[in-house]
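J.: The file below is input_13.cif, mmCIF, C-alpha atoms:
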data_structure
#
loop_
_atom_site.group_PDB
_atom_site.id
_atom_site.type_symbol
_atom_site.label_atom_id
_atom_site.label_comp_id
_atom_site.auth_asym_id
_atom_site.auth_seq_id
_atom_site.Cartn_x
_atom_site.Cartn_y
_atom_site.Cartn_z
ATOM 1 C CA MET A 93 12.384 -10.059 -39.403
ATOM 2 C CA ASP A 94 8.931 -10.459 -37.887
ATOM 3 C CA GLN A 95 8.809 -8.332 -34.742
ATOM 4 C CA HIS A 96 6.327 -10.702 -33.086
ATOM 5 C CA LYS A 97 8.915 -13.522 -33.108
ATOM 6 C CA SER A 98 11.082 -11.561 -30.660
ATOM 7 C CA LEU A 99 8.328 -11.048 -28.086
ATOM 8 C CA ASP A 100 8.452 -13.161 -24.892
ATOM 9 C CA LEU A 101 4.911 -14.431 -24.411
ATOM 10 C CA THR A 102 5.766 -16.710 -21.479
ATOM 11 C CA LEU A 103 3.299 -16.343 -18.618
ATOM 12 C CA PRO A 104 4.917 -15.270 -15.343
ATOM 13 C CA THR A 105 5.178 -17.860 -12.581
ATOM 14 C CA MET A 106 2.659 -17.378 -9.787
ATOM 15 C CA PRO A 107 4.412 -16.330 -6.561
ATOM 16 C CA LYS A 108 4.632 -18.932 -3.814
ATOM 17 C CA ARG A 109 2.337 -18.193 -0.891
ATOM 18 C CA THR A 110 3.272 -18.911 2.716
ATOM 19 C CA PRO A 111 0.739 -20.968 4.714
ATOM 20 C CA ILE A 112 -0.131 -19.360 8.056
ATOM 21 C CA LEU A 113 -2.677 -20.062 10.759
ATOM 22 C CA ALA A 114 -4.316 -16.640 10.736
ATOM 23 C CA LEU A 115 -4.114 -13.262 9.059
ATOM 24 C CA ILE A 116 -4.981 -10.513 11.528
ATOM 25 C CA CYS A 117 -6.119 -7.232 9.973
ATOM 26 C CA ALA A 118 -6.225 -3.834 11.654
ATOM 27 C CA ALA A 119 -6.351 -0.276 10.353
ATOM 28 C CA MET A 120 -3.904 1.511 12.658
ATOM 29 C CA PRO A 121 -0.480 0.731 14.181
ATOM 30 C CA GLU A 122 -1.820 0.945 17.749
ATOM 31 C CA GLU A 123 -4.350 -1.771 16.879
ATOM 32 C CA ILE A 124 -1.640 -4.108 15.536
ATOM 33 C CA ALA A 125 0.861 -3.448 18.347
ATOM 34 C CA PRO A 126 -0.783 -5.757 20.945
ATOM 35 C CA PHE A 127 -0.209 -8.737 18.638
ATOM 36 C CA GLU A 128 3.432 -7.806 18.096
ATOM 37 C CA ALA A 129 3.895 -8.035 21.864
ATOM 38 C CA TYR A 130 3.020 -11.762 21.747
ATOM 39 C CA ALA A 131 5.624 -12.538 19.062
ATOM 40 C CA GLN A 132 8.727 -14.608 19.721
ATOM 41 C CA ALA A 133 10.031 -13.668 16.259
ATOM 42 C CA GLN A 134 9.062 -11.057 13.675
ATOM 43 C CA GLY A 135 9.740 -10.886 9.946
ATOM 44 C CA THR A 136 10.272 -7.862 7.747
ATOM 45 C CA LYS A 137 7.299 -5.860 6.498
ATOM 46 C CA THR A 138 6.045 -6.242 2.939
ATOM 47 C CA ALA A 139 3.995 -3.537 1.217
ATOM 48 C CA CYS A 140 0.421 -4.679 0.509
ATOM 49 C CA GLY A 141 -1.939 -2.263 -1.197
ATOM 50 C CA GLY A 142 -1.714 0.862 0.935
ATOM 51 C CA GLY A 143 -0.675 -1.132 3.986
ATOM 52 C CA SER A 144 1.942 -3.628 5.094
ATOM 53 C CA LEU A 145 2.181 -7.319 5.974
ATOM 54 C CA GLN A 146 4.457 -8.770 8.642
ATOM 55 C CA LEU A 147 4.833 -12.435 9.596
ATOM 56 C CA ILE A 148 5.352 -13.318 13.256
ATOM 57 C CA GLN A 149 5.957 -16.528 15.193
ATOM 58 C CA VAL A 150 4.002 -17.289 18.359
ATOM 59 C CA GLU A 151 4.583 -20.685 20.009
ATOM 60 C CA ASP A 152 5.956 -22.058 16.727
ATOM 61 C CA VAL A 153 2.813 -20.912 14.906
ATOM 62 C CA SER A 154 2.985 -18.455 12.001
ATOM 63 C CA LEU A 155 0.608 -15.492 11.966
ATOM 64 C CA GLY A 156 0.304 -12.552 9.591
ATOM 65 C CA LEU A 157 -0.253 -9.011 10.843
ATOM 66 C CA LEU A 158 -1.805 -6.823 8.165
ATOM 67 C CA LEU A 159 -1.868 -3.058 8.662
ATOM 68 C CA THR A 160 -4.543 -1.994 6.178
ATOM 69 C CA GLY A 161 -4.979 1.712 6.662
ATOM 70 C CA ILE A 162 -8.347 3.288 7.378
ATOM 71 C CA GLY A 163 -11.422 2.846 5.163
ATOM 72 C CA LEU A 164 -13.166 0.285 3.003
ATOM 73 C CA VAL A 165 -10.963 0.592 -0.083
ATOM 74 C CA ASN A 166 -7.717 0.511 1.894
ATOM 75 C CA ALA A 167 -8.929 -2.562 3.774
ATOM 76 C CA ALA A 168 -10.007 -4.458 0.651
ATOM 77 C CA ALA A 169 -6.901 -3.518 -1.350
ATOM 78 C CA SER A 170 -4.489 -4.449 1.422
ATOM 79 C CA LEU A 171 -6.151 -7.805 2.155
ATOM 80 C CA THR A 172 -6.377 -8.711 -1.531
ATOM 81 C CA SER A 173 -2.677 -7.963 -1.926
ATOM 82 C CA ALA A 174 -1.765 -9.873 1.244
ATOM 83 C CA LEU A 175 -3.530 -12.988 -0.050
ATOM 84 C CA THR A 176 -1.023 -13.143 -2.898
ATOM 85 C CA HIS A 177 1.713 -13.603 -0.265
ATOM 86 C CA VAL A 178 0.074 -15.849 2.353
ATOM 87 C CA THR A 179 -2.539 -18.593 2.604
ATOM 88 C CA PRO A 180 -4.296 -18.186 5.960
ATOM 89 C CA ARG A 181 -6.632 -20.687 7.552
ATOM 90 C CA TYR A 182 -8.469 -17.821 9.240
ATOM 91 C CA ILE A 183 -8.844 -14.060 8.746
ATOM 92 C CA PHE A 184 -9.623 -11.751 11.666
ATOM 93 C CA ALA A 185 -10.683 -8.096 11.676
ATOM 94 C CA THR A 186 -9.530 -6.504 14.900
ATOM 95 C CA GLY A 187 -8.816 -3.208 16.597
ATOM 96 C CA SER A 188 -11.326 -0.646 17.828
ATOM 97 C CA ALA A 189 -14.907 0.225 16.879
ATOM 98 C CA GLY A 190 -17.688 2.621 17.787
ATOM 99 C CA GLY A 191 -20.572 1.325 19.871
ATOM 100 C CA LEU A 192 -23.740 1.806 17.811
ATOM 101 C CA SER A 193 -26.270 -0.081 19.920
ATOM 102 C CA ILE A 194 -27.758 1.724 22.919
ATOM 103 C CA GLU A 195 -26.551 -1.305 24.902
ATOM 104 C CA ALA A 196 -22.912 -0.793 23.882
ATOM 105 C CA ARG A 197 -20.390 0.157 26.549
ATOM 106 C CA VAL A 198 -16.862 1.466 26.206
ATOM 107 C CA GLY A 199 -14.324 -1.261 26.952
ATOM 108 C CA GLN A 200 -16.469 -4.163 25.714
ATOM 109 C CA VAL A 201 -15.023 -6.665 23.268
ATOM 110 C CA VAL A 202 -17.540 -7.385 20.516
ATOM 111 C CA ILE A 203 -17.325 -10.633 18.567
ATOM 112 C CA GLY A 204 -18.979 -10.200 15.196
ATOM 113 C CA THR A 205 -21.880 -12.426 14.230
ATOM 114 C CA SER A 206 -22.048 -10.832 10.766
ATOM 115 C CA SER A 207 -20.712 -7.864 8.800
ATOM 116 C CA THR A 208 -22.692 -5.497 6.561
ATOM 117 C CA PHE A 209 -22.043 -2.367 4.495
ATOM 118 C CA GLY A 210 -23.704 0.557 6.236
ATOM 119 C CA ARG A 211 -24.094 2.793 3.175
ATOM 120 C CA ALA A 212 -24.832 0.324 0.374
ATOM 121 C CA ASP A 213 -28.317 0.979 -0.976
ATOM 122 C CA ALA A 214 -29.554 -0.710 -4.146
ATOM 123 C CA SER A 215 -33.058 -1.159 -2.725
ATOM 124 C CA ALA A 216 -34.522 0.515 -5.828
ATOM 125 C CA PHE A 217 -33.541 -2.675 -7.664
ATOM 126 C CA GLY A 218 -34.881 -5.075 -5.040
ATOM 127 C CA TYR A 219 -31.756 -5.533 -2.943
ATOM 128 C CA GLU A 220 -31.667 -5.282 0.846
ATOM 129 C CA ILE A 221 -30.241 -2.221 2.543
ATOM 130 C CA GLY A 222 -26.547 -2.891 3.024
ATOM 131 C CA GLN A 223 -26.341 -5.385 0.154
ATOM 132 C CA VAL A 224 -23.894 -4.909 -2.689
ATOM 133 C CA PRO A 225 -25.582 -6.163 -5.895
ATOM 134 C CA GLY A 226 -24.497 -9.699 -6.655
ATOM 135 C CA MET A 227 -23.175 -10.225 -3.121
ATOM 136 C CA PRO A 228 -24.826 -11.560 0.057
ATOM 137 C CA ALA A 229 -26.948 -9.156 2.094
ATOM 138 C CA SER A 230 -24.450 -9.632 4.929
ATOM 139 C CA TYR A 231 -21.409 -11.789 5.623
ATOM 140 C CA PRO A 232 -21.977 -14.264 8.476
ATOM 141 C CA SER A 233 -18.946 -15.022 10.601
ATOM 142 C CA ASP A 234 -17.530 -18.533 10.640
ATOM 143 C CA SER A 235 -19.671 -20.426 13.163
ATOM 144 C CA ALA A 236 -16.863 -22.544 14.638
ATOM 145 C CA LEU A 237 -14.632 -19.482 15.118
ATOM 146 C CA LEU A 238 -17.540 -17.555 16.616
ATOM 147 C CA ASP A 239 -18.241 -20.290 19.175
ATOM 148 C CA ARG A 240 -14.575 -20.498 20.171
ATOM 149 C CA ALA A 241 -14.279 -16.727 20.463
ATOM 150 C CA LEU A 242 -17.348 -16.451 22.674
ATOM 151 C CA LYS A 243 -15.831 -19.012 25.040
ATOM 152 C CA ALA A 244 -12.469 -17.226 24.906
ATOM 153 C CA GLY A 245 -14.179 -13.918 25.664
ATOM 154 C CA ASP A 246 -15.881 -15.252 28.791
ATOM 155 C CA ASP A 247 -13.681 -13.011 30.897
ATOM 156 C CA PRO A 248 -14.809 -10.198 33.254
ATOM 157 C CA GLN A 249 -12.131 -7.876 31.825
ATOM 158 C CA ALA A 250 -13.122 -8.383 28.186
ATOM 159 C CA LYS A 251 -16.876 -8.235 28.843
ATOM 160 C CA ALA A 252 -17.209 -9.933 25.442
ATOM 161 C CA ARG A 253 -20.523 -10.239 23.668
ATOM 162 C CA PRO A 254 -21.735 -11.113 20.157
ATOM 163 C CA GLY A 255 -23.039 -8.491 17.762
ATOM 164 C CA GLN A 256 -23.391 -7.361 14.155
ATOM 165 C CA PHE A 257 -20.872 -4.956 12.610
ATOM 166 C CA ILE A 258 -21.727 -2.326 10.002
ATOM 167 C CA SER A 259 -19.011 -0.554 8.031
ATOM 168 C CA SER A 260 -18.867 2.528 5.843
ATOM 169 C CA ASP A 261 -16.571 5.405 4.953
ATOM 170 C CA ALA A 262 -18.858 7.815 6.825
ATOM 171 C CA PHE A 263 -18.617 8.222 10.592
ATOM 172 C CA VAL A 264 -21.774 7.549 12.585
ATOM 173 C CA THR A 265 -22.441 10.851 14.330
ATOM 174 C CA GLU A 266 -25.231 12.554 16.243
ATOM 175 C CA LYS A 267 -26.744 13.544 12.884
ATOM 176 C CA ASN A 268 -27.156 10.029 11.503
ATOM 177 C CA VAL A 269 -27.019 7.666 14.478
ATOM 178 C CA GLU A 270 -30.804 7.228 14.734
ATOM 179 C CA GLU A 271 -31.065 6.554 10.992
ATOM 180 C CA MET A 272 -28.382 3.853 11.235
ATOM 181 C CA ARG A 273 -30.076 2.247 14.223
ATOM 182 C CA GLN A 274 -33.384 2.128 12.334
ATOM 183 C CA LEU A 275 -31.777 0.689 9.184
ATOM 184 C CA PHE A 276 -29.762 -1.888 11.137
ATOM 185 C CA PRO A 277 -31.639 -2.636 14.376
ATOM 186 C CA ARG A 278 -29.394 -5.633 15.195
ATOM 187 C CA ALA A 279 -26.111 -3.764 14.645
ATOM 188 C CA TYR A 280 -23.931 -3.411 17.719
ATOM 189 C CA CYS A 281 -20.800 -1.707 16.361
ATOM 190 C CA ALA A 282 -19.771 0.584 13.526
ATOM 191 C CA ASP A 283 -16.350 0.850 11.895
ATOM 192 C CA MET A 284 -14.721 1.619 8.543
ATOM 193 C CA GLU A 285 -13.148 -1.686 7.445
ATOM 194 C CA THR A 286 -14.827 -4.874 8.679
ATOM 195 C CA ALA A 287 -17.429 -5.420 5.938
ATOM 196 C CA ALA A 288 -14.837 -4.871 3.205
ATOM 197 C CA LEU A 289 -12.527 -7.428 4.838
ATOM 198 C CA ALA A 290 -15.468 -9.812 5.196
ATOM 199 C CA GLN A 291 -16.299 -9.540 1.487
ATOM 200 C CA VAL A 292 -12.717 -10.284 0.439
ATOM 201 C CA ALA A 293 -12.588 -13.254 2.841
ATOM 202 C CA TYR A 294 -15.901 -14.488 1.418
ATOM 203 C CA LEU A 295 -14.587 -14.279 -2.143
ATOM 204 C CA ALA A 296 -11.368 -16.040 -1.098
ATOM 205 C CA ASP A 297 -13.366 -18.713 0.796
ATOM 206 C CA VAL A 298 -11.462 -18.179 4.062
ATOM 207 C CA ALA A 299 -13.115 -18.380 7.508
ATOM 208 C CA PHE A 300 -13.604 -14.848 8.864
ATOM 209 C CA LEU A 301 -14.303 -13.311 12.267
ATOM 210 C CA PRO A 302 -14.323 -9.707 13.583
ATOM 211 C CA VAL A 303 -13.136 -9.159 17.172
ATOM 212 C CA ARG A 304 -12.996 -5.483 18.151
ATOM 213 C CA GLY A 305 -13.012 -3.387 21.299
ATOM 214 C CA VAL A 306 -15.505 -0.548 21.775
ATOM 215 C CA SER A 307 -13.467 2.649 22.105
ATOM 216 C CA ASP A 308 -16.314 5.184 21.925
ATOM 217 C CA LEU A 309 -20.070 5.440 21.545
ATOM 218 C CA CYS A 310 -21.749 6.642 18.361
ATOM 219 C CA GLY A 311 -24.047 9.642 18.473
ATOM 220 C CA PRO A 312 -24.702 12.232 21.190
ATOM 221 C CA LEU A 313 -22.968 10.169 23.900
ATOM 222 C CA ALA A 314 -19.647 10.269 22.014
ATOM 223 C CA HIS A 315 -17.874 12.680 24.324
ATOM 224 C CA VAL A 316 -14.690 12.476 26.369
ATOM 225 C CA GLU A 317 -16.029 10.463 29.303
ATOM 226 C CA ASN A 318 -17.320 7.844 26.841
ATOM 227 C CA HIS A 319 -13.998 7.281 25.101
ATOM 228 C CA GLN A 320 -11.101 4.900 25.616
ATOM 229 C CA ASP A 321 -7.780 4.804 23.788
ATOM 230 C CA ALA A 322 -7.865 2.574 20.678
ATOM 231 C CA GLY A 323 -4.715 0.806 21.817
ATOM 232 C CA VAL A 324 -6.266 -0.122 25.178
ATOM 233 C CA VAL A 325 -9.410 -1.732 23.749
ATOM 234 C CA SER A 326 -7.398 -3.287 20.911
ATOM 235 C CA ALA A 327 -5.269 -5.074 23.518
ATOM 236 C CA LEU A 328 -8.445 -6.603 24.984
ATOM 237 C CA ALA A 329 -9.569 -7.693 21.512
ATOM 238 C CA ALA A 330 -6.099 -9.120 20.814
ATOM 239 C CA LYS A 331 -6.240 -11.219 23.977
ATOM 240 C CA VAL A 332 -9.593 -12.713 22.959
ATOM 241 C CA THR A 333 -8.278 -13.369 19.445
ATOM 242 C CA MET A 334 -5.148 -15.118 20.720
ATOM 243 C CA LYS A 335 -7.240 -17.221 23.107
ATOM 244 C CA THR A 336 -9.540 -18.148 20.212
ATOM 245 C CA LEU A 337 -6.493 -19.390 18.285
ATOM 246 C CA GLY A 338 -5.350 -21.399 21.304
ATOM 247 C CA LEU A 339 -2.062 -19.492 21.545
ATOM 248 C CA ILE A 340 -2.522 -18.168 25.089
ATOM 249 C CA ASP A 341 -4.500 -19.377 28.122
#
Mind turning the file's structure into C-alpha cells?

T.:
Amino acid sequence: MDQHKSLDLTLPTMPKRTPILALICAAMPEEIAPFEAYAQAQGTKTACGGGSLQLIQVEDVSLGLLLTGIGLVNAAASLTSALTHVTPRYIFATGSAGGLSIEARVGQVVIGTSSTFGRADASAFGYEIGQVPGMPASYPSDSALLDRALKAGDDPQAKARPGQFISSDAFVTEKNVEEMRQLFPRAYCADMETAALAQVAYLADVAFLPVRGVSDLCGPLAHVENHQDAGVVSALAAKVTMKTLGLID
C-alpha cells in the first residue's frame, strides 16, 4: 500500500476571529488594570505569544485587553497572535512611558503622533536612523484617532499633548539620553513596545494610536521626586483612551 495515500493533506480551517471596536495593548498588569475597572463584563484570558488576551464589554461595546509583556519582541509576538483571535477597528498602545524631551513632565498624557525604533540603524545602506529596512522610517498615527484623542485629552488632569514615541529594548539613561535627543529631536517619550506594536498594526492595516502617561523622566533627572507609579499615569491614559472611543464622558 502506498503510504502517501493514507496521509491527510486537508488544510486546516482558519479560526474565526471576533470583531471588536479596539484592541488595547499594554506591557504590565498595572497598565491594563484601569481598563478592567470600566468593564461591565469580562471574558476568560487566552494566551497570546508571551502575553494574554481578554475580551471585555463596556456599554455594549466589545474591547480586547492585550497584556504583551515588556519589550519589542514580546509586544510584536503577542499582538500578532491576538490578531488571529480578534479583528479590531483600532489598536492602542497604552500604559506608562519615560519622558525623553526636556519639556516632558511626570503625570502628562502623551498622544503619539508617530512611532519609531530608537536603536534601528541601517544608515550605512541609505536608510534613516530608526528605519527598519523595507519598512517606513516611522509609523504615523491614524489622523482621525489622533484628532479625537487630542480633544479627549483637553483636560487639566491629563495635561495631554502630542508627541513622537521612540522604542527600543535599551533603557534611555543618563549615559545615552543626549545621544537619543540628538538622533530624534522631535521625540517626546521613550518606551519598549510602541514602535513594535505600530509596525504590526501597519502590516495588518489597522488604525493605530499610542496614548501613554509619563511616569518618569529619562536621563539625569530620573530620580525619586521625578517618578510616578505606572498604574497612576496609566489610569490617566486609560481615561483619555476611553474618551477617544466615546465610551465615557

J.: Tell me which of A:Pro302, A:Gly245, A:Gly222, A:Pro121 sits closest to A:Leu275, counting only C-alpha atoms.

T.: A:Gly222

J.: Expand the PyMOL selection byres ((chain A and resi 182) around 8) into the explicit residue set it covers here, and present it as a list in words.

T.: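 That selection, the PyMOL selection byres ((chain A and resi 182) around 8), comes back as Leu113, Ala114, Leu115, Pro180, Arg181, Ile183, Phe184, Val298, Ala299, Phe300 and Leu301 of chain A.
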
J.: Excluding A:Leu289 and residues on its chain fewer than 3 positions from it, collect all residues at most 8 Å away from it, counting only C-alpha atoms, and give them as a list in words.

T.: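 Selected residues are Leu164, Ala167, Ala168, Leu171, Ala185, Glu285, Thr286, Val292 and Ala293 of chain A.
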
J.: Can you write out the residues you just picked, keeping C-alpha atoms, as a PDB file, in the coordinates of the input?

T.:
ATOM      1  CA  LEU A 164     -13.166   0.285   3.003  1.00  0.00           C
ATOM      2  CA  ALA A 167      -8.929  -2.562   3.774  1.00  0.00           C
ATOM      3  CA  ALA A 168     -10.007  -4.458   0.651  1.00  0.00           C
ATOM      4  CA  LEU A 171      -6.151  -7.805   2.155  1.00  0.00           C
ATOM      5  CA  ALA A 185     -10.683  -8.096  11.676  1.00  0.00           C
ATOM      6  CA  GLU A 285     -13.148  -1.686   7.445  1.00  0.00           C
ATOM      7  CA  THR A 286     -14.827  -4.874   8.679  1.00  0.00           C
ATOM      8  CA  VAL A 292     -12.717 -10.284   0.439  1.00  0.00           C
ATOM      9  CA  ALA A 293     -12.588 -13.254   2.841  1.00  0.00           C
TER      10      ALA A 293
END

J.: Would you write out, as a tab-separated table, a table of all residues in stretch 186-277 of chain A that have an atom no more than 12 Å from an atom of stretch 324-340 of chain A, listing for each the closest atom pair and the distance in Å to one decimal, considering all atoms listed in the file and ordering rows by chain and rising residue number?

T.:
residue	atom	partner	partner_atom	distance
A:Thr186	CA	A:Ala329	CA	6.7
A:Gly187	CA	A:Ser326	CA	4.5
A:Ser188	CA	A:Ser326	CA	5.6
A:Ala189	CA	A:Val325	CA	9.0
A:Gly190	CA	A:Val325	CA	11.1
A:Arg197	CA	A:Val325	CA	11.5
A:Val198	CA	A:Val325	CA	8.5
A:Gly199	CA	A:Val325	CA	5.9
A:Gln200	CA	A:Val325	CA	7.7
A:Val201	CA	A:Ala329	CA	5.8
A:Val202	CA	A:Ala329	CA	8.0
A:Ile203	CA	A:Ala329	CA	8.8
A:Gly204	CA	A:Ala329	CA	11.6
A:Ala236	CA	A:Thr336	CA	10.2
A:Leu237	CA	A:Thr336	CA	7.3
A:Leu238	CA	A:Thr336	CA	8.8
A:Asp239	CA	A:Thr336	CA	9.0
A:Arg240	CA	A:Thr336	CA	5.6
A:Ala241	CA	A:Thr336	CA	5.0
A:Leu242	CA	A:Thr336	CA	8.4
A:Lys243	CA	A:Thr336	CA	8.0
A:Ala244	CA	A:Lys335	CA	5.5
A:Gly245	CA	A:Val332	CA	5.5
A:Asp246	CA	A:Val332	CA	8.9
A:Asp247	CA	A:Val332	CA	8.9
A:Pro248	CA	A:Leu328	CA	11.0
A:Gln249	CA	A:Leu328	CA	7.9
A:Ala250	CA	A:Leu328	CA	5.9
A:Lys251	CA	A:Leu328	CA	9.4
A:Ala252	CA	A:Val332	CA	8.5
A:Arg253	CA	A:Val332	CA	11.2

J.: How would the residues just picked look written out with C-alpha atoms as a PDB file, in the coordinates of the input?

T.:
ATOM      1  CA  THR A 186      -9.530  -6.504  14.900  1.00  0.00           C
ATOM      2  CA  GLY A 187      -8.816  -3.208  16.597  1.00  0.00           C
ATOM      3  CA  SER A 188     -11.326  -0.646  17.828  1.00  0.00           C
ATOM      4  CA  ALA A 189     -14.907   0.225  16.879  1.00  0.00           C
ATOM      5  CA  GLY A 190     -17.688   2.621  17.787  1.00  0.00           C
ATOM      6  CA  ARG A 197     -20.390   0.157  26.549  1.00  0.00           C
ATOM      7  CA  VAL A 198     -16.862   1.466  26.206  1.00  0.00           C
ATOM      8  CA  GLY A 199     -14.324  -1.261  26.952  1.00  0.00           C
ATOM      9  CA  GLN A 200     -16.469  -4.163  25.714  1.00  0.00           C
ATOM     10  CA  VAL A 201     -15.023  -6.665  23.268  1.00  0.00           C
ATOM     11  CA  VAL A 202     -17.540  -7.385  20.516  1.00  0.00           C
ATOM     12  CA  ILE A 203     -17.325 -10.633  18.567  1.00  0.00           C
ATOM     13  CA  GLY A 204     -18.979 -10.200  15.196  1.00  0.00           C
ATOM     14  CA  ALA A 236     -16.863 -22.544  14.638  1.00  0.00           C
ATOM     15  CA  LEU A 237     -14.632 -19.482  15.118  1.00  0.00           C
ATOM     16  CA  LEU A 238     -17.540 -17.555  16.616  1.00  0.00           C
ATOM     17  CA  ASP A 239     -18.241 -20.290  19.175  1.00  0.00           C
ATOM     18  CA  ARG A 240     -14.575 -20.498  20.171  1.00  0.00           C
ATOM     19  CA  ALA A 241     -14.279 -16.727  20.463  1.00  0.00           C
ATOM     20  CA  LEU A 242     -17.348 -16.451  22.674  1.00  0.00           C
ATOM     21  CA  LYS A 243     -15.831 -19.012  25.040  1.00  0.00           C
ATOM     22  CA  ALA A 244     -12.469 -17.226  24.906  1.00  0.00           C
ATOM     23  CA  GLY A 245     -14.179 -13.918  25.664  1.00  0.00           C
ATOM     24  CA  ASP A 246     -15.881 -15.252  28.791  1.00  0.00           C
ATOM     25  CA  ASP A 247     -13.681 -13.011  30.897  1.00  0.00           C
ATOM     26  CA  PRO A 248     -14.809 -10.198  33.254  1.00  0.00           C
ATOM     27  CA  GLN A 249     -12.131  -7.876  31.825  1.00  0.00           C
ATOM     28  CA  ALA A 250     -13.122  -8.383  28.186  1.00  0.00           C
ATOM     29  CA  LYS A 251     -16.876  -8.235  28.843  1.00  0.00           C
ATOM     30  CA  ALA A 252     -17.209  -9.933  25.442  1.00  0.00           C
ATOM     31  CA  ARG A 253     -20.523 -10.239  23.668  1.00  0.00           C
TER      32      ARG A 253
END

J.: Residue by residue, what does the PyMOL selection byres ((chain A and resi 284) around 8) grab here? Present the result as a short mmCIF file (atom, residue, chain, number, x, y, z; two decimals) with C-alpha atoms, in the coordinates of the input.

T.:
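See part.cif below for the written result:
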data_model
loop_
_atom_site.label_atom_id
_atom_site.label_comp_id
_atom_site.auth_asym_id
_atom_site.auth_seq_id
_atom_site.Cartn_x
_atom_site.Cartn_y
_atom_site.Cartn_z
CA ILE A 162 -8.35 3.29 7.38
CA GLY A 163 -11.42 2.85 5.16
CA LEU A 164 -13.17 0.28 3.00
CA SER A 259 -19.01 -0.55 8.03
CA SER A 260 -18.87 2.53 5.84
CA ASP A 261 -16.57 5.40 4.95
CA ALA A 262 -18.86 7.82 6.82
CA PHE A 263 -18.62 8.22 10.59
CA ALA A 282 -19.77 0.58 13.53
CA ASP A 283 -16.35 0.85 11.90
CA GLU A 285 -13.15 -1.69 7.44
CA THR A 286 -14.83 -4.87 8.68
CA ALA A 287 -17.43 -5.42 5.94
#

J.: One number please: atom CA of A:Ile116 to atom CA of A:Leu155, in Å, one decimal.

T.: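 Between atom CA of A:Ile116 and atom CA of A:Leu155 the gap is 7.5 Å.
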
J.: Counting all atoms listed in the file, which residue out of A:Ala229, A:Gly255, A:Ala290, A:Ala125 sits closest to A:Ser215?

T.: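 Distance minimum relative to A:Ser215 lands on A:Ala229.
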
J.: Can you list, as an mmCIF file with C-alpha atoms, keeping the file's coordinate frame, every protein, DNA or RNA residue that comes within 12 Å of A:Pro225 when you count all atoms listed in the file, leaving out same-chain residues fewer than 3 positions away?

T.:
data_model
loop_
_atom_site.group_PDB
_atom_site.id
_atom_site.type_symbol
_atom_site.label_atom_id
_atom_site.label_comp_id
_atom_site.auth_asym_id
_atom_site.auth_seq_id
_atom_site.Cartn_x
_atom_site.Cartn_y
_atom_site.Cartn_z
ATOM 1 C CA PHE A 209 -22.043 -2.367 4.495
ATOM 2 C CA ALA A 212 -24.832 0.324 0.374
ATOM 3 C CA ASP A 213 -28.317 0.979 -0.976
ATOM 4 C CA ALA A 214 -29.554 -0.710 -4.146
ATOM 5 C CA SER A 215 -33.058 -1.159 -2.725
ATOM 6 C CA ALA A 216 -34.522 0.515 -5.828
ATOM 7 C CA PHE A 217 -33.541 -2.675 -7.664
ATOM 8 C CA GLY A 218 -34.881 -5.075 -5.040
ATOM 9 C CA TYR A 219 -31.756 -5.533 -2.943
ATOM 10 C CA GLU A 220 -31.667 -5.282 0.846
ATOM 11 C CA ILE A 221 -30.241 -2.221 2.543
ATOM 12 C CA GLY A 222 -26.547 -2.891 3.024
ATOM 13 C CA PRO A 228 -24.826 -11.560 0.057
ATOM 14 C CA ALA A 229 -26.948 -9.156 2.094
ATOM 15 C CA SER A 230 -24.450 -9.632 4.929
#

J.: Atom CA of A:Phe276 and atom CA of A:Gly323, how far apart in Å?

T.: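 Between atom CA of A:Gly323 and atom CA of A:Phe276 the gap works out to 27.4 Å.
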
J.: May I have the residues within 12 Å of A:Cys310 as a VMD selection string, using only C-alpha atoms and disregarding those fewer than 3 positions away in the same chain?

T.: chain A and resid 189 to 198 262 to 273 279 to 283 306 to 307 313 to 315 318 to 319

J.: For A:Val150, which residue out of A:Pro111, A:Val224, A:Phe127, A:Gln256 is the nearest one, using only C-alpha atoms?

T.: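 Closest residue, counting only C-alpha atoms: A:Phe127.
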
J.: Anything within 10 Å of (1.9, -2.4, 9.9): list those residues as a ChimeraX atom specification, counting only C-alpha atoms and sticking to the file's coordinates.

T.: /A:117-125,128,137-140,143-146,157-161

J.: Could you save those same residues with C-alpha atoms as a compact mmCIF listing (two decimals), in the frame of the given file?

T.:
# COMPACT_ATOMS: atom_id res chain seq x y z
CA CYS A 117 -6.12 -7.23 9.97
CA ALA A 118 -6.22 -3.83 11.65
CA ALA A 119 -6.35 -0.28 10.35
CA MET A 120 -3.90 1.51 12.66
CA PRO A 121 -0.48 0.73 14.18
CA GLU A 122 -1.82 0.94 17.75
CA GLU A 123 -4.35 -1.77 16.88
CA ILE A 124 -1.64 -4.11 15.54
CA ALA A 125 0.86 -3.45 18.35
CA GLU A 128 3.43 -7.81 18.10
CA LYS A 137 7.30 -5.86 6.50
CA THR A 138 6.04 -6.24 2.94
CA ALA A 139 4.00 -3.54 1.22
CA CYS A 140 0.42 -4.68 0.51
CA GLY A 143 -0.68 -1.13 3.99
CA SER A 144 1.94 -3.63 5.09
CA LEU A 145 2.18 -7.32 5.97
CA GLN A 146 4.46 -8.77 8.64
CA LEU A 157 -0.25 -9.01 10.84
CA LEU A 158 -1.80 -6.82 8.16
CA LEU A 159 -1.87 -3.06 8.66
CA THR A 160 -4.54 -1.99 6.18
CA GLY A 161 -4.98 1.71 6.66

J.: Could you please determine the separation between atom CA of A:Tyr294 and atom CA of A:Ser235 in Å, to one decimal place?

T.: 13.7 Å

J.: Evaluate the PyMOL selection byres ((chain A and resi 176) around 9) against this structure - the residues, as a PyMOL selection string, please.

T.: chain A and resi 106-109+171-175+177-179

J.: Select, from A:Gln291, A:Gly226, A:Tyr130, A:Gly210, the residue with the minimum atom-to-atom distance to A:Pro277, counting all atoms listed in the file.

T.: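 Answer, going by the shortest atom-to-atom distance: A:Gly210.
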
J.: Of the residues A:Pro126, A:Thr136, A:Ser170, A:Ile112, which is the one nearest to A:Gly156, using only C-alpha atoms?

T.: A:Ile112

J.: Please report, as AutoDock Vina command-line options, the centre and edge lengths in Å to one decimal of an axis-aligned box covering all listed atoms of stretch 128-131 of chain A with 8 Å per side.

T.:
--center_x 4.3 --center_y -10.2 --center_z 20.0 --size_x 18.6 --size_y 20.7 --size_z 19.8

J.: Counting only C-alpha atoms, which of A:Val165, A:Ser233, A:Thr208, A:Pro254 gets nearest to A:Asp297?

T.: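 When distances to A:Asp297 are compared using only C-alpha atoms, the smallest one comes from A:Ser233.
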